[in-house]
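Input: a single structure, listed below in structure tokens.
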Amino acid sequence: MPSPDLLRFRLNGQPVEVACEGPRVLLDLVREDLNLTGTKRGCDLGTCGCCAVLLDGRPTLSCLTLARLVDGRDVTTIEGITPASGLSPIQQAFVDRGATQCGFCTPGFIVTATALLRDHPRPSRDEIERAISGNLCRCTGYRKIVEAIEVASRGSP
Amino acid sequence: MATPPPGPYRILGGRIPYVEGPLKVTGRAEYTDDIQRPGMLVGRVLRSPWPHARLRSIDTSAARALPGVFAVLTGEKYPTPFGVLPITHDETAIAVGKARYIGDIIAAVAAMDERTAERALSLIRVDFEPLPEYADPRMGVDKVSEPIHARGLLGSNIQKEVVQHFGNVDAAFAQAAFRARVRGNFAGVTHAFTEPLVTIAEATPDGRLTVWSATQVPHYLHRALSEVLGLPMHRIRVIKPEVGGGFGGKSDPLPHEIVCAALSLETGRPVKILFDREDVFYTNHGRHPTQNEVRIALNASGQIVGYDIDALIDGGAWSSFGTVTTYYNGVLAMGPYRVPNFRYRGRRVYTTKPPSGAMRAHGGTNIRYSVEVALDMLAEQSGTDPFDLRDRNALPPNSKTVNEFRITSTSFRRCLSAAREKSGWDQKFRRLPFGRGVGLGCGFYISGSNSPIHFTPKMPQSTVHLKVDMDGGIAVHSMQADIGQGSNTLLAAIVAEVVGVDLARVHVQRVDSDVSPIDLGSYSSRVTFMMGNAARAAAEELRSQLVRAAAGLLDRSPETLEVVHERIQERDHPEHGVAFLEALHRAMETTGALTASGSYNSSPMGGTFKGARAGTAPAYSFAAYVAEVEVDGETGEYRVPKIWAAFDCGRPLNRLAVEGQIEGSIHMGLGQVMGESMNYRGTRLFNPSLLEYKIPMPQQMPEVEILLVGEDDPEGPFGAKEAGEGPLIATLPAVGNALYDAVGVRFTDLPITPDKVLKGIDQRRLEGRSWKGG
């Protein structure tokens, strides 16, 4: 049995130290060890995007990321994206536009869209579709998701 | 922010954001896998590597001896058969005697952690005696050497055969002017909901069992648990947390749910079974692979004179909803048209593959494709526009089909005219260049099954309870199951509308069988219609209590008062009134917290012949879709840039949700027609992952123009009908018929992948035929 490593990284803006044993993935660390359940487990194979988090600001599939790799880095989950009160403009647009139905894929989409709008404040429809093409949604047919991201990028409801 | 609605209502008819939306966009909505219980064990199942095999012996001793293992279960402990339909209980929680498909559950363990559980599974030794496998339903229609189930018809693997004949089909065809035949072949498709199947069970020392599960129908799960575990229902508590999509795939009581409960009873500890994606694919219950043959005849004036239909349906290993599927493949082929002569033979045959079951637009999708393609062929043969042909044959409102379905409201003809006009059909059909085309597909679907799976048909199909205390918040209880379609939002909106209060006062409680009155859950597109009527009745009862209290305060008779936003006032003197809270507090002086209850049951309907109730519903939705396609003649690849979706759901009560259902349905329908397929080699599923089973990407979604043209349904709540499943059906034939308009080839083997398109185009070129007009 390998001895547990102590990982030190920033999680949602706060420094944390977490023991990590064996070949654990970031998704397990976040959901099971840190009890941040907003990040969803949809496939464990990197196919659905439900588990997306920001690693050093970049959308990353936490189910394919070895937990040890986040040592010294910066991890932001859906909990870190959510303001202390109220909703972020992207979250608000998802609510207003009905871009969330069952909601299981939604945190992954919010994470992806947050990084997109930070880097490209006025994305074209193509850019939005390309950005979210690693996230699967089976409920909405994506139309209202794309619309919500567009609305959030315009900064008006 | 809710937009004020068009129409007579304060809230209903608008765009009402989902009440739980803020929880979902922040990751705070609680799904089953988010729940932790103290001392919870990990449950895992062992699956059969054989498609069909007798279980000679199972040696679990090494697994049991492994430290950290708390229980190992095999089938004999809980052998009581179950199944969603009371007439076809042919499943067991764990295989008893033999395994029936690759993936069938043959043992289960509960252990301290995942690694131990996996190790324990690897230590179970099973002695299999392989039996003949049956990959195709055609292999099972006659007597077989080893029937998959003892209940197969006459020693075959036929699970259900339906034969129906109304009128005289042979005579109608003999006299017909035009006849068309379509032989359709449909690969199986699956729901691909994003939340994997997951259950937590906790047996407690008070002799009770609590089960949290990702289910669409908590009540059917409740009943199956009781039957198989031998516990009375009142000792079992079923809780439905948020559910990450279902589409029919979480509507059967599923074996792992019972296994999880059994493991908890064995160990006295909470147990969680979380399936991985491969497990979910093996559990399946998706749309049946189907081979059908549809013949339709027209008379010289273009009226449909007869249907003659045969369907061979691949059931997989269990019955599931299959008896209903077998009926639906026939009876749901008729509407939205008047069909005077109808003959149908449907056979659902067991195979040694993962079970098929109910998937969105269950039983109405594959057969509809073949019917609509046949009508397209008949329009061409008879020199009629496809819209005119359908318009001429539309079922009128307040009519009966030949098999005695009661049709009340239908705005099908309005769907046709809206889709025709908005799509620019008359400028496009048969006029676009090679590679581009438009196609029409239509459909109809039940708005709630009138033939529910229930204790007795006299019990209500939905009940809603309300409680309001001095805080002025209204708690709503019902076992209706929100799985993302927005039923909690509609429930809250109906209550707020009727009671006259802010939506924010209304709190829909999580489904919990200890407190939620029974509603039969999310299947058969029943929720808006049935729960909506129950909610309305409950809210009206609460309102009348408040109005009586206000009448006492105002010293007026209740009949002279009206309810407006947060206020009850005199109709003729609106300045004389009391606030909602004043009326509430007065009413509470005599009763304490106010409670109210409402329920709904559909009225008796349907004929008296065998199977007459299958497909009867208190209302039906109608659809007419036009799809436009662009085909690359060199590669066979194609895209669907736009769909015009004209839909009759009666009065849309939440436009945001109706649009969401239509767009999501189109996504799922496009997946099936363009590429989704459960790929088998023999009986082995080859693509059990979301990487290899591909659902459409954002770039593949067309622009969707939604045309809601329905008129109020006389019995629907506030005039509403379903919009959850019907919107899928028309998508497939609209695309298929558009491909014909684009390249002149009839495609009847689904999914229509680019290789098939290319082959079709090449074949047509080889034959030296032009691509338009026969």
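Identifiers in this document derive from the order of the structure tokens: chains are assigned A, B, ..., residues are numbered from 1 separately in each chain, and ligands are numbered from 1 in order of occurrence.
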Requested in this report: Give me, as a PyMOL selection string, the contact residues of chain B against chain A at a cut-off of 7 Å, counting only C-alpha atoms.
Outcome: chain B and resi 1+17-18+21-22+24-28+34+192-196+243-245+276-277+483-485+656+660+663-664+667+690-691+697-699+701
Query - Shell of 12 Å around segment 200-209 of chain B, only C-alpha atoms, local chain residues under 2 positions omitted, as JSON, numbers by chain - result: {"B": [31, 32, 33, 34, 35, 36, 37, 38, 39, 40, 41, 42, 43, 110, 197, 198, 211, 212, 213, 214, 215, 222, 225, 226, 229, 230, 231, 232, 233, 234, 235, 236, 237, 238, 239, 240, 241, 256, 257, 258, 259, 260, 261, 262, 263, 264, 265, 266, 267, 268, 269, 270, 271, 272, 273, 274, 275, 513, 514]}
Query - Residues flagged strand (DSSP E or B) by DSSP in segment 464-526 of chain B, as number ranges by chain - result: B: 464-468, 474-477, 506-508, 511-512
Write a file of the selected residues as a CSV table (one decimal), in the first residue's frame, keeping C-alpha atoms.
```
chain,number,residue,atom,x,y,z
B,464,VAL,CA,-52.4,16.5,-4.4
B,465,HIS,CA,-52.4,17.7,-0.8
B,466,LEU,CA,-51.9,21.3,0.4
B,467,LYS,CA,-51.1,22.6,3.8
B,468,VAL,CA,-50.9,26.2,4.8
B,474,ILE,CA,-48.3,26.6,1.0
B,475,ALA,CA,-46.7,23.2,1.2
B,476,VAL,CA,-47.6,21.0,-1.7
B,477,HIS,CA,-47.4,17.2,-1.5
B,506,VAL,CA,-45.8,27.8,-2.8
B,507,HIS,CA,-43.3,25.1,-1.8
B,508,VAL,CA,-43.4,21.7,-3.6
B,511,VAL,CA,-41.5,13.1,-3.0
B,512,ASP,CA,-41.7,10.9,0.1
```
Query - segment 56-71 of chain A environment, 6 Å, only C-alpha atoms, sequence neighbours closer than 6 positions dropped, as an MDAnalysis selection string - result: chainID A and resid 7:9 24:27 44 112
Report task. Have a look at atom CA of Asn292 of chain B and atom CA of Lys160 of chain B and let me know their distance in Å, one decimal. Result ->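 Value for the atom CA of Asn292 of chain B-atom CA of Lys160 of chain B distance: 15.6 Å.
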Query - Within 7 Å of segment 393-397 of chain B using only C-alpha atoms, minus same-chain residues under 3 positions, as a list in words - result: Gln303, Ile304, Gly335, Pro336, Tyr337, Arg338, Leu389, Arg390, Ile407, Thr408, Ser409, Thr410 and Arg413 of chain B
Requested in this report: May I have all residues of segment 287-493 of chain B that DSSP, computed from the backbone, assigns to helix (DSSP H, G or I), given as a ChimeraX atom specification?
Outcome: /B:322-331,366-381,386-392,412-423,425-428,487-493
What would the file look like if the residues just selected were written as an mmCIF file, in the first residue's frame with C-alpha atoms?
```cif
data_model
loop_
_atom_site.group_PDB
_atom_site.id
_atom_site.type_symbol
_atom_site.label_atom_id
_atom_site.label_comp_id
_atom_site.auth_asym_id
_atom_site.auth_seq_id
_atom_site.Cartn_x
_atom_site.Cartn_y
_atom_site.Cartn_z
ATOM 1 C CA GLY B 322 -43.745 -4.920 -23.461
ATOM 2 C CA THR B 323 -47.410 -5.867 -23.537
ATOM 3 C CA VAL B 324 -48.231 -2.167 -23.806
ATOM 4 C CA THR B 325 -45.511 -1.740 -26.447
ATOM 5 C CA THR B 326 -47.068 -4.502 -28.518
ATOM 6 C CA TYR B 327 -50.481 -2.837 -28.498
ATOM 7 C CA TYR B 328 -49.098 0.664 -29.048
ATOM 8 C CA ASN B 329 -47.210 -0.325 -32.220
ATOM 9 C CA GLY B 330 -50.602 -0.907 -33.756
ATOM 10 C CA VAL B 331 -53.116 1.380 -32.129
ATOM 11 C CA ASN B 366 -41.022 3.412 -34.950
ATOM 12 C CA ILE B 367 -44.426 2.587 -36.381
ATOM 13 C CA ARG B 368 -45.090 6.272 -37.005
ATOM 14 C CA TYR B 369 -41.980 6.535 -39.151
ATOM 15 C CA SER B 370 -43.190 3.788 -41.471
ATOM 16 C CA VAL B 371 -46.740 5.182 -41.594
ATOM 17 C CA GLU B 372 -45.596 8.692 -42.473
ATOM 18 C CA VAL B 373 -43.199 7.455 -45.146
ATOM 19 C CA ALA B 374 -46.013 5.366 -46.646
ATOM 20 C CA LEU B 375 -48.241 8.454 -46.704
ATOM 21 C CA ASP B 376 -45.472 10.421 -48.425
ATOM 22 C CA MET B 377 -45.297 7.683 -51.070
ATOM 23 C CA LEU B 378 -49.072 7.746 -51.483
ATOM 24 C CA ALA B 379 -49.087 11.520 -51.860
ATOM 25 C CA GLU B 380 -46.578 11.189 -54.659
ATOM 26 C CA GLN B 381 -48.437 8.309 -56.331
ATOM 27 C CA PRO B 386 -48.407 15.636 -48.609
ATOM 28 C CA PHE B 387 -50.116 18.375 -46.579
ATOM 29 C CA ASP B 388 -53.339 18.088 -48.571
ATOM 30 C CA LEU B 389 -53.350 14.321 -48.181
ATOM 31 C CA ARG B 390 -53.085 14.590 -44.422
ATOM 32 C CA ASP B 391 -55.528 17.436 -44.148
ATOM 33 C CA ARG B 392 -58.107 15.434 -46.096
ATOM 34 C CA PHE B 412 -54.181 18.856 -36.039
ATOM 35 C CA ARG B 413 -55.421 20.763 -39.067
ATOM 36 C CA ARG B 414 -54.152 23.993 -37.531
ATOM 37 C CA CYS B 415 -50.783 22.283 -37.024
ATOM 38 C CA LEU B 416 -50.748 21.423 -40.718
ATOM 39 C CA SER B 417 -51.567 24.918 -41.916
ATOM 40 C CA ALA B 418 -49.092 26.566 -39.546
ATOM 41 C CA ALA B 419 -46.224 24.247 -40.515
ATOM 42 C CA ARG B 420 -47.008 24.607 -44.212
ATOM 43 C CA GLU B 421 -47.130 28.375 -44.126
ATOM 44 C CA LYS B 422 -44.174 29.059 -41.840
ATOM 45 C CA SER B 423 -41.858 26.607 -43.560
ATOM 46 C CA TRP B 425 -43.429 24.557 -48.056
ATOM 47 C CA ASP B 426 -45.138 25.476 -51.296
ATOM 48 C CA GLN B 427 -41.999 27.244 -52.518
ATOM 49 C CA LYS B 428 -39.675 24.419 -51.477
ATOM 50 C CA SER B 487 -43.710 19.339 -13.102
ATOM 51 C CA ASN B 488 -42.840 20.867 -9.711
ATOM 52 C CA THR B 489 -42.987 24.276 -11.341
ATOM 53 C CA LEU B 490 -46.325 23.575 -12.947
ATOM 54 C CA LEU B 491 -47.699 22.210 -9.685
ATOM 55 C CA ALA B 492 -46.636 25.363 -7.832
ATOM 56 C CA ALA B 493 -47.945 27.605 -10.598
#
```
Query - Separation of atom CA of Gly152 of chain B from atom CA of Ile94 of chain B in Å - result: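 One can read the atom CA of Ile94 of chain B to atom CA of Gly152 of chain B distance as 20.3 Å.
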Report task. Give me the residues within 10 Å of segment 546-550 of chain B as a PyMOL selection string, counting only C-alpha atoms and dropping any in the same chain fewer than 2 places off. Result -> chain B and resi 499+540-544+552-563+567-570+577-590+594
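Taking only C-alpha atoms, the non-local environment of Phe622 of chain B within 9 Å (same-chain residues fewer than 5 positions away omitted) comprises Gly335, Pro336, Thr410, Ser411, Phe412, Cys415, Cys442, Gly443, Phe444, Tyr445, Ala646, Phe647, Asp648, Cys649, Gly710, Gly726 and Pro727 of chain B.
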Could you save the residues just selected, with N, CA and C atoms, as a PDB file, in the first residue's frame?
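What landed in selection.pdb:
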```
ATOM      1  N   GLY B 335     -54.367   7.520 -35.361  1.00  0.00           N
ATOM      2  CA  GLY B 335     -54.430   8.970 -35.300  1.00  0.00           C
ATOM      3  C   GLY B 335     -53.127   9.540 -35.817  1.00  0.00           C
ATOM      4  N   PRO B 336     -53.113  10.749 -36.333  1.00  0.00           N
ATOM      5  CA  PRO B 336     -54.174  11.760 -36.383  1.00  0.00           C
ATOM      6  C   PRO B 336     -55.132  11.615 -37.558  1.00  0.00           C
ATOM      7  N   THR B 410     -58.809  18.382 -31.028  1.00  0.00           N
ATOM      8  CA  THR B 410     -57.655  18.224 -31.918  1.00  0.00           C
ATOM      9  C   THR B 410     -57.487  19.481 -32.759  1.00  0.00           C
ATOM     10  N   SER B 411     -56.307  20.000 -32.729  1.00  0.00           N
ATOM     11  CA  SER B 411     -55.962  21.134 -33.592  1.00  0.00           C
ATOM     12  C   SER B 411     -54.973  20.670 -34.656  1.00  0.00           C
ATOM     13  N   PHE B 412     -55.128  19.405 -35.068  1.00  0.00           N
ATOM     14  CA  PHE B 412     -54.181  18.856 -36.039  1.00  0.00           C
ATOM     15  C   PHE B 412     -54.191  19.654 -37.342  1.00  0.00           C
ATOM     16  N   CYS B 415     -52.219  22.620 -36.977  1.00  0.00           N
ATOM     17  CA  CYS B 415     -50.783  22.283 -37.024  1.00  0.00           C
ATOM     18  C   CYS B 415     -50.326  22.230 -38.476  1.00  0.00           C
ATOM     19  N   CYS B 442     -45.897  13.751 -39.264  1.00  0.00           N
ATOM     20  CA  CYS B 442     -46.938  14.106 -38.300  1.00  0.00           C
ATOM     21  C   CYS B 442     -46.979  13.063 -37.192  1.00  0.00           C
ATOM     22  N   GLY B 443     -47.777  13.350 -36.177  1.00  0.00           N
ATOM     23  CA  GLY B 443     -47.878  12.391 -35.091  1.00  0.00           C
ATOM     24  C   GLY B 443     -49.003  12.735 -34.143  1.00  0.00           C
ATOM     25  N   PHE B 444     -49.284  11.799 -33.276  1.00  0.00           N
ATOM     26  CA  PHE B 444     -50.161  12.088 -32.145  1.00  0.00           C
ATOM     27  C   PHE B 444     -49.742  11.200 -31.001  1.00  0.00           C
ATOM     28  N   TYR B 445     -50.108  11.578 -29.796  1.00  0.00           N
ATOM     29  CA  TYR B 445     -49.699  10.766 -28.652  1.00  0.00           C
ATOM     30  C   TYR B 445     -50.688  10.923 -27.504  1.00  0.00           C
ATOM     31  N   ALA B 646     -44.953  22.391 -35.462  1.00  0.00           N
ATOM     32  CA  ALA B 646     -46.303  22.829 -35.089  1.00  0.00           C
ATOM     33  C   ALA B 646     -46.895  21.777 -34.169  1.00  0.00           C
ATOM     34  N   PHE B 647     -47.328  22.204 -32.987  1.00  0.00           N
ATOM     35  CA  PHE B 647     -47.724  21.242 -31.967  1.00  0.00           C
ATOM     36  C   PHE B 647     -49.002  21.696 -31.277  1.00  0.00           C
ATOM     37  N   ASP B 648     -49.844  20.716 -31.014  1.00  0.00           N
ATOM     38  CA  ASP B 648     -51.093  20.964 -30.291  1.00  0.00           C
ATOM     39  C   ASP B 648     -50.993  20.312 -28.918  1.00  0.00           C
ATOM     40  N   CYS B 649     -50.657  21.127 -27.915  1.00  0.00           N
ATOM     41  CA  CYS B 649     -50.683  20.635 -26.535  1.00  0.00           C
ATOM     42  C   CYS B 649     -51.820  21.317 -25.789  1.00  0.00           C
ATOM     43  N   GLY B 710     -52.510  24.942 -30.435  1.00  0.00           N
ATOM     44  CA  GLY B 710     -53.611  24.202 -29.833  1.00  0.00           C
ATOM     45  C   GLY B 710     -54.694  25.103 -29.269  1.00  0.00           C
ATOM     46  N   GLY B 726     -45.092  13.397 -27.258  1.00  0.00           N
ATOM     47  CA  GLY B 726     -45.596  13.590 -28.620  1.00  0.00           C
ATOM     48  C   GLY B 726     -44.648  14.387 -29.501  1.00  0.00           C
ATOM     49  N   PRO B 727     -43.968  15.399 -28.958  1.00  0.00           N
ATOM     50  CA  PRO B 727     -43.091  16.212 -29.820  1.00  0.00           C
ATOM     51  C   PRO B 727     -41.911  15.450 -30.415  1.00  0.00           C
TER      52      PRO B 727
END
```
